[in-house]
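First the structure, in the form of structure tokens, and then the observations on it.
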Amino acid sequence: MATAVLPQVAGLGNPGLPSTRHSVGMAVLGQLARRLGVADSWARDRRCAADLALASLGDAQVVLLRPRKLMNANGRSVARAAELFGLAAEEIYLVHDELDKPLGKLALKLGGSARGHNGVRSCISCLNSSVMPRLRVGIGRPSHPNTVEAHVLGCFSAAEQELLPLLLERATDLLLDHIRERSHAPPALVP
């Protein structure tokens, strides 16, 4: 039996800034790679300007993607990798930070608007679709609107860093459960 390619999971963020709140999607992807035993398998793919790893999940494979473009251009990497692997927009999970959720809160959203997130906006634009499932990882919103950019681009505080390992584990569990559930769902009937 041929190995099927399961969804692409893209950790949105800024390359070179792994410990910032804005790159928490990449941190989740790192934990997912460790869990799936491919943490040492990342390979740079210049065709899509990203680091890729292929991980087995049951009798299928998952494409893990860390864009090498800045957050506002992550969509170019995501869309090009989808094209290379023949994946449709609904087969691409976006993992990203969410200002409107407190640190530690997770939400899996199926499609919808970018809600002001430039990385998600880039993906919607480059894929010409908004149906991608998204794992939104809460980073909390600062009390003063003028400090949002500094908050997002800043590193997690020492207290927040203590919460990160459990948060990354829970995010990984949620992703894997959802991917497994979708991969075992019967195919939709097309009239």
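Note on naming: chains are A, B, ... as they come in the structure tokens, residues start from 1 per chain, ligands start from 1 in the order shown.
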What parts of chain A does DSSP call strand (DSSP E or B)? I'd like the answer as a ChimeraX atom specification. /A:4-11,20,43-45,50-57,60-67,92-98,106-110,133-138,155
Restrict the calculation to only C-alpha atoms, then for each residue of stretch 104-173 of chain A with any atom at most 8 Å from an atom of stretch 59-76 of chain A give the closest atom pair and their distance in Å to one decimal, rows by chain and rising residue number, as CSV.
residue,atom,partner,partner_atom,distance
A:Asn118,CA,A:Asn72,CA,5.2
A:Gly119,CA,A:Asn72,CA,4.9
A:Val120,CA,A:Gly75,CA,7.3
A:Arg121,CA,A:Gly75,CA,7.8
A:Ser122,CA,A:Gly75,CA,4.6
A:Cys123,CA,A:Gly75,CA,3.6
A:Ile124,CA,A:Gly75,CA,7.2
A:Ser125,CA,A:Gly75,CA,7.3
A:Cys126,CA,A:Gly75,CA,5.5
A:Leu127,CA,A:Gly75,CA,7.4
Suppose we keep C-alpha atoms; can you now write the selection as a JSON list (two decimals), in the first residue's frame?
[["chain", "number", "residue", "atom", "x", "y", "z"],
["A", 118, "ASN", "CA", -0.34, 39.14, 9.21],
["A", 119, "GLY", "CA", 1.10, 35.64, 8.86],
["A", 120, "VAL", "CA", -2.37, 34.14, 8.46],
["A", 121, "ARG", "CA", -3.31, 36.97, 6.08],
["A", 122, "SER", "CA", -0.26, 36.11, 3.96],
["A", 123, "CYS", "CA", -1.28, 32.43, 3.86],
["A", 124, "ILE", "CA", -4.87, 33.28, 2.89],
["A", 125, "SER", "CA", -3.61, 35.55, 0.12],
["A", 126, "CYS", "CA", -1.03, 33.10, -1.28],
["A", 127, "LEU", "CA", -3.34, 30.08, -1.09]]
Extract, using only C-alpha atoms, all DNA, RNA and protein residues at most 7 Å from A:Leu135, discarding same-chain residues fewer than 2 positions from it, and format them as a list in words.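 Counting only the stated atoms, we get Leu94, Val95, His96, Leu106, Ala107, Leu108, Lys109, Pro133 and Val137 of chain A.
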Could you check which of A:Leu103, A:Arg136, A:Ala27, A:Ala55 is closest to A:Ala159, using only C-alpha atoms? A:Leu103
Option closest in space to A:Thr147, from A:Leu99, A:Gln161, A:Ala50, A:Gly116 [counting only C-alpha atoms]: A:Leu99
Closest to A:Lys105 among A:Leu166, A:Leu57, A:Leu153, A:Val38, using only C-alpha atoms? A:Leu166
What gap, in Å, lies between atom CA of A:Met132 and atom CA of A:Pro145? 28.5 Å
Which residue, A:Arg141, A:His151, A:Arg35, A:Arg46, has the smallest gap to A:Thr20 when you use only C-alpha atoms? A:His151
